[in-house]
$ cat my_file.cif   # mmCIF, C-alpha atoms and all ligand atoms
data_run
#
loop_
_atom_site.label_atom_id
_atom_site.label_comp_id
_atom_site.auth_asym_id
_atom_site.auth_seq_id
_atom_site.Cartn_x
_atom_site.Cartn_y
_atom_site.Cartn_z
CA MET U 178 56.45 109.30 -24.78
CA PHE U 179 57.62 107.30 -27.81
CA MET U 180 59.67 108.94 -30.52
CA ASP U 181 60.69 107.18 -33.67
CA VAL U 182 64.32 107.62 -34.59
CA GLU U 183 63.63 110.18 -37.34
CA ALA U 184 61.59 112.42 -35.01
CA LEU U 185 64.17 111.93 -32.27
CA TYR U 186 67.12 113.17 -34.34
CA ASP U 187 65.04 115.90 -36.02
CA SER U 188 64.32 117.33 -32.59
CA MET U 189 67.83 116.74 -31.25
CA ALA U 190 69.74 118.05 -34.29
CA PHE U 191 70.28 121.58 -32.90
CA LEU U 192 72.02 120.10 -29.82
CA TYR U 193 73.60 117.00 -31.33
CA ASP U 194 77.21 118.14 -31.76
CA GLU U 195 77.46 119.54 -28.24
CA LEU U 196 75.58 116.64 -26.67
CA TYR U 197 77.69 113.94 -28.28
CA GLY U 198 80.88 115.94 -28.87
CA CYS U 199 83.04 112.96 -29.88
CA SER U 200 86.21 113.19 -31.98
CA ASP U 201 88.36 110.33 -30.62
CA ASP U 202 87.40 108.09 -33.53
CA LEU U 203 88.26 110.52 -36.37
CA ASP U 204 91.93 109.55 -36.75
CA PHE U 205 90.91 105.93 -37.21
CA TYR U 206 88.32 106.69 -39.90
CA LEU U 207 90.70 109.06 -41.67
CA SER U 208 93.48 106.50 -41.79
CA VAL U 209 91.16 103.77 -43.15
CA ALA U 210 89.77 106.18 -45.76
CA ARG U 211 93.29 107.14 -46.91
CA GLN U 212 94.25 103.45 -47.12
CA VAL U 213 91.11 102.07 -48.80
CA GLY U 214 90.17 105.15 -50.85
CA GLY U 215 86.83 106.30 -52.25
CA PRO U 216 84.07 106.39 -53.14
CA LEU U 217 82.97 106.23 -49.53
CA LEU U 218 79.55 106.14 -47.91
CA GLU U 219 78.66 106.87 -44.31
CA LEU U 220 75.33 105.45 -43.10
CA GLY U 221 73.68 107.41 -40.29
CA CYS U 222 76.01 110.30 -41.10
CA GLY U 223 74.16 112.83 -38.92
CA THR U 224 75.68 116.31 -39.10
CA GLY U 225 78.61 114.96 -41.13
CA ARG U 226 81.12 114.83 -38.28
CA VAL U 227 82.98 111.87 -39.86
CA ILE U 228 82.22 111.94 -43.60
CA GLY U 229 82.62 115.72 -43.76
CA ARG U 230 86.11 115.54 -42.28
CA ILE U 231 87.02 112.71 -44.68
CA SER U 232 85.78 114.77 -47.66
CA GLN U 233 88.57 117.25 -46.92
CA GLU U 234 90.99 114.54 -48.13
CA GLY U 235 89.60 114.97 -51.65
CA LEU U 236 87.83 111.59 -51.76
CA GLU U 237 84.34 111.14 -53.23
CA CYS U 238 82.07 111.07 -50.18
CA TRP U 239 78.41 110.26 -49.67
CA GLY U 240 76.34 110.46 -46.49
CA LEU U 241 72.93 108.92 -45.83
CA ASP U 242 70.71 109.72 -42.86
CA ILE U 243 67.05 109.41 -41.94
CA SER U 244 66.81 112.81 -40.26
CA LYS U 245 66.24 115.86 -42.48
CA ASN U 246 67.32 118.24 -39.69
CA MET U 247 70.63 116.44 -39.11
CA LEU U 248 71.16 116.50 -42.89
CA SER U 249 70.38 120.19 -43.26
CA ILE U 250 73.19 120.98 -40.78
CA ALA U 251 75.46 118.54 -42.64
CA ARG U 252 74.70 120.10 -46.05
CA ARG U 253 75.46 123.61 -44.82
CA ARG U 254 78.70 122.49 -43.23
CA TRP U 255 80.09 120.09 -45.84
CA PRO U 256 79.26 121.22 -49.42
CA ASN U 257 81.55 118.61 -51.02
CA VAL U 258 79.61 115.61 -49.69
CA LYS U 259 76.59 114.14 -51.51
CA PHE U 260 73.97 113.81 -48.79
CA VAL U 261 70.88 111.65 -49.22
CA GLN U 262 67.90 111.25 -46.91
CA GLY U 263 67.04 107.59 -46.49
CA ASN U 264 66.79 104.56 -44.26
CA MET U 265 70.00 102.57 -43.88
CA ALA U 266 67.93 99.41 -43.54
CA ASP U 267 66.81 99.72 -47.18
CA PHE U 268 68.84 102.00 -49.35
CA SER U 269 69.45 102.02 -53.03
CA LEU U 270 72.03 104.39 -54.50
CA ASP U 271 73.23 104.53 -58.05
CA ARG U 272 76.85 103.99 -56.98
CA SER U 273 79.08 101.30 -55.49
CA PHE U 274 81.59 102.03 -52.75
CA ARG U 275 85.04 100.94 -51.70
CA LEU U 276 84.26 101.81 -48.12
CA ILE U 277 81.02 102.00 -46.12
CA LEU U 278 81.20 103.34 -42.57
CA ILE U 279 78.61 103.13 -39.79
CA PRO U 280 80.27 105.04 -36.93
CA TYR U 281 79.15 105.88 -33.43
CA ARG U 282 76.65 103.11 -32.73
CA SER U 283 74.14 104.24 -35.39
CA PHE U 284 73.71 100.58 -36.42
CA LEU U 285 72.30 99.85 -32.95
CA HIS U 286 69.22 101.97 -33.69
CA LEU U 287 68.14 99.12 -35.99
CA THR U 288 66.18 96.06 -34.84
CA ALA U 289 67.66 92.65 -35.69
CA GLU U 290 65.53 92.38 -38.80
CA GLU U 291 66.54 95.89 -39.93
CA LYS U 292 70.21 95.10 -39.28
CA GLN U 293 69.94 92.10 -41.56
CA ARG U 294 68.37 94.20 -44.32
CA CYS U 295 71.01 96.88 -43.82
CA LEU U 296 73.79 94.30 -44.26
CA HIS U 297 72.12 93.08 -47.47
CA SER U 298 71.94 96.66 -48.77
CA CYS U 299 75.62 97.18 -47.85
CA ALA U 300 76.60 93.97 -49.68
CA LEU U 301 74.83 95.24 -52.81
CA HIS U 302 76.67 98.58 -52.65
CA LEU U 303 80.17 97.33 -51.80
CA GLN U 304 82.79 96.92 -54.52
CA PRO U 305 84.42 93.44 -54.68
CA ASN U 306 87.30 94.30 -52.35
CA GLY U 307 85.31 96.87 -50.44
CA GLN U 308 85.11 97.17 -46.67
CA LEU U 309 82.27 97.87 -44.28
CA ILE U 310 83.18 99.22 -40.84
CA ILE U 311 80.62 99.19 -38.04
CA HIS U 312 81.09 100.70 -34.58
CA GLY U 313 78.92 98.91 -32.01
CA TYR U 314 78.69 98.73 -28.24
CA LEU U 315 78.73 95.72 -25.94
CA PRO U 316 76.95 96.46 -22.64
CA SER U 317 78.87 95.42 -19.51
CA GLU U 318 77.49 92.95 -16.96
CA GLU U 319 77.05 95.93 -14.61
CA GLU U 320 74.99 97.84 -17.21
CA LYS U 321 72.84 94.76 -17.76
CA ARG U 322 71.82 94.98 -14.09
CA PHE U 323 70.10 98.39 -14.60
CA SER U 324 66.63 96.89 -14.72
CA SER U 325 64.92 100.17 -13.80
CA LEU U 326 65.60 103.60 -15.28
CA SER U 327 68.69 104.99 -13.50
CA LEU U 328 70.67 108.21 -13.73
CA ILE U 329 74.06 107.20 -15.17
CA ASP U 330 75.68 110.55 -16.02
CA THR U 331 75.30 114.33 -15.76
CA THR U 332 76.91 116.73 -18.24
CA TYR U 333 76.51 120.42 -19.16
CA VAL U 334 75.79 121.66 -22.69
CA LYS U 335 75.29 125.34 -23.64
CA GLY U 336 74.65 126.09 -19.96
CA ARG U 337 72.01 123.35 -19.73
CA ARG U 338 72.30 120.52 -17.24
CA VAL U 339 71.95 117.26 -19.14
CA GLU U 340 70.94 114.08 -17.32
CA TRP U 341 71.43 110.68 -18.91
CA PHE U 342 69.20 107.83 -17.76
CA PHE U 343 69.54 104.19 -18.78
CA LYS U 344 67.64 100.94 -18.42
CA PHE U 345 68.56 97.53 -19.79
CA GLU U 346 65.78 95.26 -21.03
CA GLU U 347 66.46 91.59 -21.66
CA PRO U 348 67.62 90.23 -23.98
CA ASN U 349 69.40 93.09 -25.77
CA LYS U 350 67.68 96.48 -25.44
CA GLY U 351 69.14 99.63 -23.94
CA PHE U 352 66.60 102.36 -23.26
CA TYR U 353 68.01 105.89 -22.85
CA ARG U 354 66.31 109.06 -21.63
CA ILE U 355 68.25 112.29 -22.03
CA LYS U 356 66.94 115.32 -20.13
CA ALA U 357 68.46 118.57 -21.41
CA GLY U 358 66.81 121.51 -19.65
CA ASP U 359 63.12 121.34 -20.65
CA LYS U 360 63.80 118.92 -23.54
CA VAL U 361 63.48 115.17 -23.15
CA PHE U 362 64.83 112.74 -25.75
CA GLU U 363 64.30 109.00 -25.64
CA MET U 364 65.88 106.23 -27.66
CA THR U 365 66.29 102.49 -27.75
CA LEU U 366 69.47 100.77 -28.87
CA TYR U 367 69.41 97.11 -29.87
CA PHE U 368 72.74 95.62 -28.84
CA ILE U 369 74.28 92.79 -30.83
CA SER U 370 77.21 90.50 -30.07
CA THR U 371 80.10 89.79 -32.44
CA LYS U 372 78.80 86.23 -32.87
CA GLU U 373 75.32 87.45 -33.87
CA LEU U 374 76.78 90.01 -36.26
CA ALA U 375 79.01 87.38 -37.88
CA LYS U 376 75.95 85.18 -38.50
CA MET U 377 73.97 88.04 -40.04
CA ALA U 378 76.93 89.10 -42.16
CA GLU U 379 77.28 85.56 -43.52
CA LYS U 380 73.60 85.53 -44.55
CA ALA U 381 74.22 88.74 -46.47
CA GLY U 382 77.29 87.32 -48.26
CA LEU U 383 79.71 89.21 -46.02
CA VAL U 384 82.37 88.12 -43.58
CA VAL U 385 83.68 89.70 -40.36
CA GLN U 386 87.41 90.04 -41.07
CA GLU U 387 88.59 91.79 -37.93
CA VAL U 388 87.26 92.81 -34.53
CA PHE U 389 88.90 95.40 -32.31
CA TYR U 390 87.97 97.89 -29.63
CA PHE U 391 88.29 101.65 -29.32
CA ASP U 392 88.60 101.35 -25.52
CA PRO U 393 90.84 98.49 -24.39
CA PRO U 394 90.91 96.95 -21.80
CA TYR U 395 87.16 97.58 -21.30
CA ASN U 396 86.37 96.24 -24.77
CA GLN U 397 82.88 97.68 -25.03
CA GLU U 398 83.35 100.08 -27.96
CA VAL U 399 83.62 97.34 -30.55
CA VAL U 400 84.58 97.86 -34.19
CA TRP U 401 83.72 95.23 -36.79
CA VAL U 402 85.59 95.24 -40.08
CA VAL U 403 83.49 93.40 -42.64
CA GLY U 404 84.33 92.39 -46.20
CA LYS U 405 82.70 90.52 -49.06
CA ASN U 406 82.67 86.73 -48.89
C1 LIG V 1 74.55 108.74 -32.89
S1 LIG V 1 74.15 109.58 -34.39
C2 LIG V 1 75.68 109.38 -35.25
C3 LIG V 1 75.92 110.47 -36.27
C4 LIG V 1 77.27 110.42 -36.96
N1 LIG V 1 77.50 109.12 -37.59
C5 LIG V 1 78.40 110.69 -35.99
O1 LIG V 1 79.22 109.80 -35.82
O2 LIG V 1 78.44 111.78 -35.43
C6 LIG V 1 73.09 108.43 -35.17
C7 LIG V 1 72.60 108.88 -36.53
O3 LIG V 1 72.00 107.76 -37.18
C8 LIG V 1 70.84 108.21 -37.86
N2 LIG V 1 69.94 107.06 -38.05
C9 LIG V 1 69.34 106.31 -37.10
N3 LIG V 1 68.61 105.34 -37.66
C10 LIG V 1 68.75 105.48 -39.01
C11 LIG V 1 68.27 104.77 -40.13
N4 LIG V 1 67.45 103.72 -39.99
N5 LIG V 1 68.64 105.16 -41.35
C12 LIG V 1 69.47 106.23 -41.54
N6 LIG V 1 69.95 106.96 -40.50
C13 LIG V 1 69.62 106.58 -39.25
C14 LIG V 1 70.26 109.29 -36.96
O4 LIG V 1 69.37 110.15 -37.66
C15 LIG V 1 71.54 109.99 -36.49
O5 LIG V 1 71.91 111.04 -37.33
#

$ encode --input "my_file.cif" --output "structure tokens"
Amino acid sequence: MFMDVEALYDSMAFLYDELYGCSDDLDFYLSVARQVGGPLLELGCGTGRVIGRISQEGLECWGLDISKNMLSIARRRWPNVKFVQGNMADFSLDRSFRLILIPYRSFLHLTAEEKQRCLHSCALHLQPNGQLIIHGYLPSEEEKRFSSLSLIDTTYVKGRRVEWFFKFEEPNKGFYRIKAGDKVFEMTLYFISTKELAKMAEKAGLVVQEVFYFDPPYNQEVVWVVGKN
């Protein structure tokens, strides 16, 4: 079964918040948003978990996502955000932003070529002193040894047993299968190192200003703070 990313999130939207249930990163995004100010844009905003919460601070907030079902949940939940359906690899909005956020590994759905185009689009939409913040993931050496599909975690959501399978494919692909009751979701993430990101950013007229991790000392949940060159 192959699902493109739009079909994947359209079919997963009704379960997304419970499946992914993350909130550890919100304080970080809120503090950056208060510091840098609006207008702000979240790419791959999903159900609005991050941009919706930021909109409660009274800042002008926009969210862009490829999945209409994720967006319809977001629109119901966060009426103060301007939501747009689109591809973060090629977007064109009639607005420039002080802050662009790409939380929760959404950037890793893009191939290398799409990442490059996304960075170009971000450069075109960032104000001169604007900031782009990308949350990525660096697979561990142990994860890179999963050369066949392996069960890596089991969780429970709305009474359903959820099984998470993972396989690493050289040089940089992570294939995930998520079995939630009778539903099966599959996705590929294209990992990227800090060095590769810095090179791509430079080509787009951007510069990586800071690198830190949400999970020291493991240093896998990487955050890149990018500015204009
Ligand atoms: C892991 S979810 C993250 C959602 C949200 N940012 C959060 O933190 O909860 C990834 C989101 O990225 C969106 N996405 C994936 N590829 C995309 C693309 N090329 N353009 C726009 N959105 C995309 C998906 O539809 C999905 O909503």

$ closest_residue --input "my_file.cif" --among "U:Asp181, U:Leu220, U:Thr288, U:Ile329" --to "Phe342 (chain U)" --atoms "all atoms listed in the file"
U:Ile329

$ residues_near_ligand --input "my_file.cif" --ligand "ligand LIG 1 (chain V)" --cutoff "7 Å" --atoms "all atoms listed in the file" --output "ChimeraX atom specification"
/U:182-183,186,220-227,241-244,247,263-266,279-283,286-287

$ closest_atom_pairs --input "my_file.cif" --of "region 257-348 of chain U" --to "region 385-398 of chain U" --cutoff "12 Å" --atoms "all atoms listed in the file" --output "JSON lines"
{"residue": "U:Pro280", "atom": "CA", "partner": "U:Glu398", "partner_atom": "CA", "distance": 10.7}
{"residue": "U:Tyr281", "atom": "CA", "partner": "U:Glu398", "partner_atom": "CA", "distance": 9.0}
{"residue": "U:Arg282", "atom": "CA", "partner": "U:Glu398", "partner_atom": "CA", "distance": 8.8}
{"residue": "U:Leu296", "atom": "CA", "partner": "U:Val385", "partner_atom": "CA", "distance": 11.6}
{"residue": "U:Gly307", "atom": "CA", "partner": "U:Gln386", "partner_atom": "CA", "distance": 11.8}
{"residue": "U:Gln308", "atom": "CA", "partner": "U:Gln386", "partner_atom": "CA", "distance": 9.4}
{"residue": "U:Leu309", "atom": "CA", "partner": "U:Val385", "partner_atom": "CA", "distance": 9.2}
{"residue": "U:Ile310", "atom": "CA", "partner": "U:Val385", "partner_atom": "CA", "distance": 9.5}
{"residue": "U:Ile311", "atom": "CA", "partner": "U:Val388", "partner_atom": "CA", "distance": 9.9}
{"residue": "U:His312", "atom": "CA", "partner": "U:Glu398", "partner_atom": "CA", "distance": 7.0}
{"residue": "U:Gly313", "atom": "CA", "partner": "U:Glu398", "partner_atom": "CA", "distance": 6.1}
{"residue": "U:Tyr314", "atom": "CA", "partner": "U:Glu398", "partner_atom": "CA", "distance": 4.9}
{"residue": "U:Leu315", "atom": "CA", "partner": "U:Gln397", "partner_atom": "CA", "distance": 4.7}
{"residue": "U:Pro316", "atom": "CA", "partner": "U:Gln397", "partner_atom": "CA", "distance": 6.5}
{"residue": "U:Ser317", "atom": "CA", "partner": "U:Gln397", "partner_atom": "CA", "distance": 7.2}
{"residue": "U:Glu318", "atom": "CA", "partner": "U:Gln397", "partner_atom": "CA", "distance": 10.8}
{"residue": "U:Glu320", "atom": "CA", "partner": "U:Gln397", "partner_atom": "CA", "distance": 11.1}

$ write_last_selection --input "my_file.cif" --atoms "C-alpha atoms" --output "PDB file, in the frame of the given file"
ATOM      1  CA  PRO U 280      80.270 105.040 -36.930  1.00  0.00           C
ATOM      2  CA  TYR U 281      79.150 105.880 -33.430  1.00  0.00           C
ATOM      3  CA  ARG U 282      76.650 103.110 -32.730  1.00  0.00           C
ATOM      4  CA  LEU U 296      73.790  94.300 -44.260  1.00  0.00           C
ATOM      5  CA  GLY U 307      85.310  96.870 -50.440  1.00  0.00           C
ATOM      6  CA  GLN U 308      85.110  97.170 -46.670  1.00  0.00           C
ATOM      7  CA  LEU U 309      82.270  97.870 -44.280  1.00  0.00           C
ATOM      8  CA  ILE U 310      83.180  99.220 -40.840  1.00  0.00           C
ATOM      9  CA  ILE U 311      80.620  99.190 -38.040  1.00  0.00           C
ATOM     10  CA  HIS U 312      81.090 100.700 -34.580  1.00  0.00           C
ATOM     11  CA  GLY U 313      78.920  98.910 -32.010  1.00  0.00           C
ATOM     12  CA  TYR U 314      78.690  98.730 -28.240  1.00  0.00           C
ATOM     13  CA  LEU U 315      78.730  95.720 -25.940  1.00  0.00           C
ATOM     14  CA  PRO U 316      76.950  96.460 -22.640  1.00  0.00           C
ATOM     15  CA  SER U 317      78.870  95.420 -19.510  1.00  0.00           C
ATOM     16  CA  GLU U 318      77.490  92.950 -16.960  1.00  0.00           C
ATOM     17  CA  GLU U 320      74.990  97.840 -17.210  1.00  0.00           C
TER      18      GLU U 320
END

$ residues_around --input "my_file.cif" --residues "region 359-364 of chain U" --least-positions-apart "6" --cutoff "12 Å" --atoms "only C-alpha atoms" --output "MDAnalysis selection string"
chainID U and resid 178:193 196 283 285:287 326 337:344 350:353

$ atom_distance --input "my_file.cif" --atom1 "CA of Val213 (chain U)" --atom2 "CA of Tyr367 (chain U)"
29.2 Å

$ closest_residue --input "my_file.cif" --among "U:Leu366, U:Met377, U:Val334, U:Ile250" --to "Gly198 (chain U)" --atoms "all atoms listed in the file"
U:Val334

$ residues_around --input "my_file.cif" --residues "His302 (chain U)" --least-positions-apart "5" --cutoff "10 Å" --atoms "only C-alpha atoms" --output "ChimeraX atom specification"
/U:218,268-277,296-297,307

$ atom_distance --input "my_file.cif" --atom1 "CA of Arg322 (chain U)" --atom2 "CA of Phe345 (chain U)"
7.0 Å

$ decode --input "my_file.cif" --residues "region 224-319 of chain U" --atoms "C-alpha atoms" --output "PDB file, in the first residue's frame"
ATOM      1  CA  THR U 224      -5.124  20.440  13.420  1.00  0.00           C
ATOM      2  CA  GLY U 225      -3.624  23.712  14.660  1.00  0.00           C
ATOM      3  CA  ARG U 226      -2.081  22.336  17.840  1.00  0.00           C
ATOM      4  CA  VAL U 227       0.743  24.931  17.770  1.00  0.00           C
ATOM      5  CA  ILE U 228      -0.516  27.894  15.714  1.00  0.00           C
ATOM      6  CA  GLY U 229      -3.951  27.748  17.341  1.00  0.00           C
ATOM      7  CA  ARG U 230      -2.454  28.026  20.819  1.00  0.00           C
ATOM      8  CA  ILE U 231      -0.223  30.910  19.670  1.00  0.00           C
ATOM      9  CA  SER U 232      -3.253  32.736  18.212  1.00  0.00           C
ATOM     10  CA  GLN U 233      -4.605  33.030  21.754  1.00  0.00           C
ATOM     11  CA  GLU U 234      -1.770  35.516  22.384  1.00  0.00           C
ATOM     12  CA  GLY U 235      -3.470  37.958  20.009  1.00  0.00           C
ATOM     13  CA  LEU U 236      -0.840  37.676  17.253  1.00  0.00           C
ATOM     14  CA  GLU U 237      -1.748  37.466  13.557  1.00  0.00           C
ATOM     15  CA  CYS U 238      -1.489  33.763  12.766  1.00  0.00           C
ATOM     16  CA  TRP U 239      -1.584  31.761   9.552  1.00  0.00           C
ATOM     17  CA  GLY U 240      -1.485  27.994   9.073  1.00  0.00           C
ATOM     18  CA  LEU U 241      -0.796  26.077   5.867  1.00  0.00           C
ATOM     19  CA  ASP U 242      -1.347  22.352   5.393  1.00  0.00           C
ATOM     20  CA  ILE U 243      -1.799  19.938   2.513  1.00  0.00           C
ATOM     21  CA  SER U 244      -4.571  17.916   4.161  1.00  0.00           C
ATOM     22  CA  LYS U 245      -8.131  19.251   3.920  1.00  0.00           C
ATOM     23  CA  ASN U 246      -9.309  16.979   6.750  1.00  0.00           C
ATOM     24  CA  MET U 247      -6.604  18.163   9.154  1.00  0.00           C
ATOM     25  CA  LEU U 248      -7.521  21.743   8.181  1.00  0.00           C
ATOM     26  CA  SER U 249     -11.241  21.267   8.694  1.00  0.00           C
ATOM     27  CA  ILE U 250     -10.566  20.235  12.314  1.00  0.00           C
ATOM     28  CA  ALA U 251      -8.185  23.206  12.673  1.00  0.00           C
ATOM     29  CA  ARG U 252     -10.739  25.681  11.277  1.00  0.00           C
ATOM     30  CA  ARG U 253     -13.455  24.506  13.646  1.00  0.00           C
ATOM     31  CA  ARG U 254     -11.129  24.693  16.613  1.00  0.00           C
ATOM     32  CA  TRP U 255      -9.225  27.919  15.948  1.00  0.00           C
ATOM     33  CA  PRO U 256     -11.438  30.575  14.276  1.00  0.00           C
ATOM     34  CA  ASN U 257      -8.833  33.343  14.686  1.00  0.00           C
ATOM     35  CA  VAL U 258      -6.229  31.664  12.473  1.00  0.00           C
ATOM     36  CA  LYS U 259      -6.158  32.094   8.677  1.00  0.00           C
ATOM     37  CA  PHE U 260      -5.834  28.555   7.365  1.00  0.00           C
ATOM     38  CA  VAL U 261      -4.777  27.818   3.796  1.00  0.00           C
ATOM     39  CA  GLN U 262      -4.599  24.488   1.992  1.00  0.00           C
ATOM     40  CA  GLY U 263      -1.319  24.181   0.121  1.00  0.00           C
ATOM     41  CA  ASN U 264       2.007  22.466  -0.322  1.00  0.00           C
ATOM     42  CA  MET U 265       4.811  23.818   1.851  1.00  0.00           C
ATOM     43  CA  ALA U 266       7.277  22.973  -0.912  1.00  0.00           C
ATOM     44  CA  ASP U 267       5.721  25.655  -3.146  1.00  0.00           C
ATOM     45  CA  PHE U 268       3.580  28.205  -1.432  1.00  0.00           C
ATOM     46  CA  SER U 269       2.748  31.739  -2.306  1.00  0.00           C
ATOM     47  CA  LEU U 270       0.866  33.901   0.174  1.00  0.00           C
ATOM     48  CA  ASP U 271       0.111  37.564  -0.115  1.00  0.00           C
ATOM     49  CA  ARG U 272       1.867  38.304   3.191  1.00  0.00           C
ATOM     50  CA  SER U 273       5.351  38.323   4.706  1.00  0.00           C
ATOM     51  CA  PHE U 274       6.073  36.930   8.152  1.00  0.00           C
ATOM     52  CA  ARG U 275       8.293  37.683  11.107  1.00  0.00           C
ATOM     53  CA  LEU U 276       8.223  34.054  12.123  1.00  0.00           C
ATOM     54  CA  ILE U 277       7.707  30.808  10.188  1.00  0.00           C
ATOM     55  CA  LEU U 278       7.448  27.584  12.174  1.00  0.00           C
ATOM     56  CA  ILE U 279       7.687  23.984  10.957  1.00  0.00           C
ATOM     57  CA  PRO U 280       7.118  21.958  14.150  1.00  0.00           C
ATOM     58  CA  TYR U 281       6.962  18.259  14.827  1.00  0.00           C
ATOM     59  CA  ARG U 282       9.051  16.856  11.977  1.00  0.00           C
ATOM     60  CA  SER U 283       6.622  17.947   9.226  1.00  0.00           C
ATOM     61  CA  PHE U 284       9.628  19.122   7.160  1.00  0.00           C
ATOM     62  CA  LEU U 285      10.841  15.503   7.018  1.00  0.00           C
ATOM     63  CA  HIS U 286       7.858  14.523   4.868  1.00  0.00           C
ATOM     64  CA  LEU U 287       9.600  16.422   2.054  1.00  0.00           C
ATOM     65  CA  THR U 288      12.206  14.905  -0.264  1.00  0.00           C
ATOM     66  CA  ALA U 289      15.543  16.738  -0.548  1.00  0.00           C
ATOM     67  CA  GLU U 290      14.394  18.568  -3.646  1.00  0.00           C
ATOM     68  CA  GLU U 291      11.116  19.589  -1.973  1.00  0.00           C
ATOM     69  CA  LYS U 292      13.003  20.754   1.124  1.00  0.00           C
ATOM     70  CA  GLN U 293      15.106  23.020  -1.046  1.00  0.00           C
ATOM     71  CA  ARG U 294      12.009  24.505  -2.688  1.00  0.00           C
ATOM     72  CA  CYS U 295      10.366  24.913   0.710  1.00  0.00           C
ATOM     73  CA  LEU U 296      13.384  26.868   1.990  1.00  0.00           C
ATOM     74  CA  HIS U 297      13.218  29.115  -1.090  1.00  0.00           C
ATOM     75  CA  SER U 298       9.510  29.744  -0.464  1.00  0.00           C
ATOM     76  CA  CYS U 299      10.265  30.511   3.201  1.00  0.00           C
ATOM     77  CA  ALA U 300      13.014  32.974   2.201  1.00  0.00           C
ATOM     78  CA  LEU U 301      10.531  34.786  -0.055  1.00  0.00           C
ATOM     79  CA  HIS U 302       7.972  35.063   2.767  1.00  0.00           C
ATOM     80  CA  LEU U 303      10.296  36.030   5.636  1.00  0.00           C
ATOM     81  CA  GLN U 304      10.658  39.663   6.677  1.00  0.00           C
ATOM     82  CA  PRO U 305      14.279  40.963   6.764  1.00  0.00           C
ATOM     83  CA  ASN U 306      14.870  40.086  10.421  1.00  0.00           C
ATOM     84  CA  GLY U 307      12.465  37.190  10.366  1.00  0.00           C
ATOM     85  CA  GLN U 308      13.127  33.726  11.743  1.00  0.00           C
ATOM     86  CA  LEU U 309      12.353  30.246  10.487  1.00  0.00           C
ATOM     87  CA  ILE U 310      12.257  27.444  13.059  1.00  0.00           C
ATOM     88  CA  ILE U 311      12.340  23.818  11.937  1.00  0.00           C
ATOM     89  CA  HIS U 312      11.985  20.787  14.199  1.00  0.00           C
ATOM     90  CA  GLY U 313      13.741  17.753  12.691  1.00  0.00           C
ATOM     91  CA  TYR U 314      14.841  14.337  13.867  1.00  0.00           C
ATOM     92  CA  LEU U 315      18.249  12.690  13.717  1.00  0.00           C
ATOM     93  CA  PRO U 316      17.961   8.875  13.722  1.00  0.00           C
ATOM     94  CA  SER U 317      20.270   7.096  16.185  1.00  0.00           C
ATOM     95  CA  GLU U 318      22.861   4.521  15.102  1.00  0.00           C
ATOM     96  CA  GLU U 319      20.601   1.877  16.682  1.00  0.00           C
TER      97      GLU U 319
END
